[in-house]
Amino acid sequence: SKTQYTALLFITLPPPGLTRVSALTVCGSVGRDVTLPCRYSVRDHGVTTMCWGRGELPLSGCNNMIISTDGQRVDSRLSERYQLLGQLTGGDVSLTILHAQESDSGFYGCRVEIPGWFNDHKLTV
């Protein structure tokens, strides 16, 4: 029998002045590549550092970090299965997981570090 998947998008808007947080559900298939989207405006913020981690995002940085960039290129990676294939300097920091496995299921956090207090762009997928 075929299993049907539905992708849901949830956007949470916090009170003014607090960090913008959004959540997104992505479904994939075992053995195929899966891309978790994350983008930011280079025009508004300039090229900046970012990281992806497993689980909920902490107050700063990423828990269980799997990949990070200095804004120009990847500077840390847990495994070659984790790739940033978008144009980093254009703000596309989407995470691609190569050959997805069941153990890849769960929450991932994307944090783009925007200068200033509580300005980071955070996305939970």
# chains A, B, ... in the order shown; residues from 1 in each chain; ligands from 1
>>> residues_around(residues="A:Met50", least_positions_apart="6", cutoff="10 Å", atoms="only C-alpha atoms", output="list of chain:residue names")
A:Gly61, A:Cys62, A:Ile67, A:Ser68, A:Thr69, A:Asp70, A:Gly71, A:Val74, A:Leu88, A:Val93, A:Cys110, A:Arg111, A:Val112, A:Glu113, A:Ile114, A:Asp120, A:His121, A:Lys122
>>> residues_around(residues="A:Met65", least_positions_apart="5", cutoff="7 Å", atoms="only C-alpha atoms", output="compact mmCIF listing (two decimals) with N, CA, C and O atoms, in the first residue's frame")
# COMPACT_ATOMS: atom_id res chain seq x y z
N CYS A 51 24.42 28.18 11.24
CA CYS A 51 24.63 26.78 11.58
C CYS A 51 23.30 26.02 11.51
O CYS A 51 22.23 26.61 11.63
N TRP A 52 23.41 24.71 11.32
CA TRP A 52 22.30 23.78 11.41
C TRP A 52 22.62 22.81 12.55
O TRP A 52 23.76 22.35 12.65
N GLY A 53 21.63 22.49 13.37
CA GLY A 53 21.82 21.52 14.42
C GLY A 53 20.61 20.60 14.54
O GLY A 53 19.54 20.89 14.00
N ARG A 54 20.79 19.47 15.24
CA ARG A 54 19.68 18.55 15.50
C ARG A 54 18.98 19.00 16.77
O ARG A 54 19.62 19.37 17.75
>>> closest_residue(among="A:Thr89, A:Ser29, A:Gly116, A:Ile97", to="A:Arg73", atoms="only C-alpha atoms")
A:Thr89
>>> select_by_dssp(residues="stretch 38-123 of chain A", states="strand (DSSP E)", output="PyMOL selection string")
chain A and resi 50-54+65-69+74-77+82-83+95-97+108-112+121-123
>>> select_by_dssp(residues="stretch 45-100 of chain A", states="helix (DSSP H, G or I)", output="list in words")
His45, Leu88, Thr89 and Gly90 of chain A
>>> residues_around(residues="A:Leu36", least_positions_apart="2", cutoff="12 Å", atoms="only C-alpha atoms", output="short mmCIF file (atom, residue, chain, number, x, y, z; two decimals) with C-alpha atoms, in the first residue's frame")
data_model
loop_
_atom_site.label_atom_id
_atom_site.label_comp_id
_atom_site.auth_asym_id
_atom_site.auth_seq_id
_atom_site.Cartn_x
_atom_site.Cartn_y
_atom_site.Cartn_z
CA ALA A 7 3.67 18.96 4.14
CA ALA A 23 8.56 26.23 11.84
CA LEU A 24 8.23 24.07 8.76
CA THR A 25 7.46 20.38 8.20
CA VAL A 26 9.33 18.60 5.40
CA CYS A 27 8.67 15.00 4.35
CA GLY A 28 11.11 12.82 2.47
CA ASP A 33 18.03 13.33 -0.85
CA VAL A 34 15.95 15.66 1.32
CA CYS A 38 16.45 28.08 5.10
CA ARG A 39 17.09 31.49 3.57
CA TRP A 52 22.30 23.78 11.41
CA GLY A 53 21.82 21.52 14.42
CA TYR A 82 25.11 17.05 5.09
CA GLN A 83 25.47 19.56 2.27
CA LEU A 84 24.67 23.24 1.70
CA LEU A 85 24.09 23.21 -2.06
CA GLY A 86 22.50 26.65 -2.43
CA ASP A 92 20.39 30.25 0.56
CA VAL A 93 21.59 28.10 3.46
CA SER A 94 19.15 25.21 2.89
CA LEU A 95 20.40 21.87 4.24
CA THR A 96 20.42 18.85 1.94
CA ILE A 97 20.70 15.42 3.58
CA LEU A 98 22.04 12.93 1.08
CA ALA A 100 18.11 10.02 3.89
CA ASP A 104 17.45 11.31 10.08
CA SER A 105 13.85 11.91 11.20
CA GLY A 106 13.37 14.59 13.83
CA PHE A 107 13.82 18.29 14.42
CA TYR A 108 16.53 20.40 12.80
CA GLY A 109 17.32 24.01 13.64
CA CYS A 110 18.71 26.62 11.25
CA LEU A 123 13.88 28.16 11.69
CA THR A 124 12.86 24.78 13.08
CA VAL A 125 12.26 22.03 10.49
#
>>> closest_residue(among="A:Asn64, A:Asp44, A:Pro115, A:Pro37", to="A:Arg77", atoms="only C-alpha atoms")
A:Asn64
>>> atom_distance(atom1="atom CA of A:Val30", atom2="atom CA of A:His99")
6.9 Å
>>> atom_distance(atom1="atom CA of A:Gln72", atom2="atom CA of A:Val42")
11.8 Å
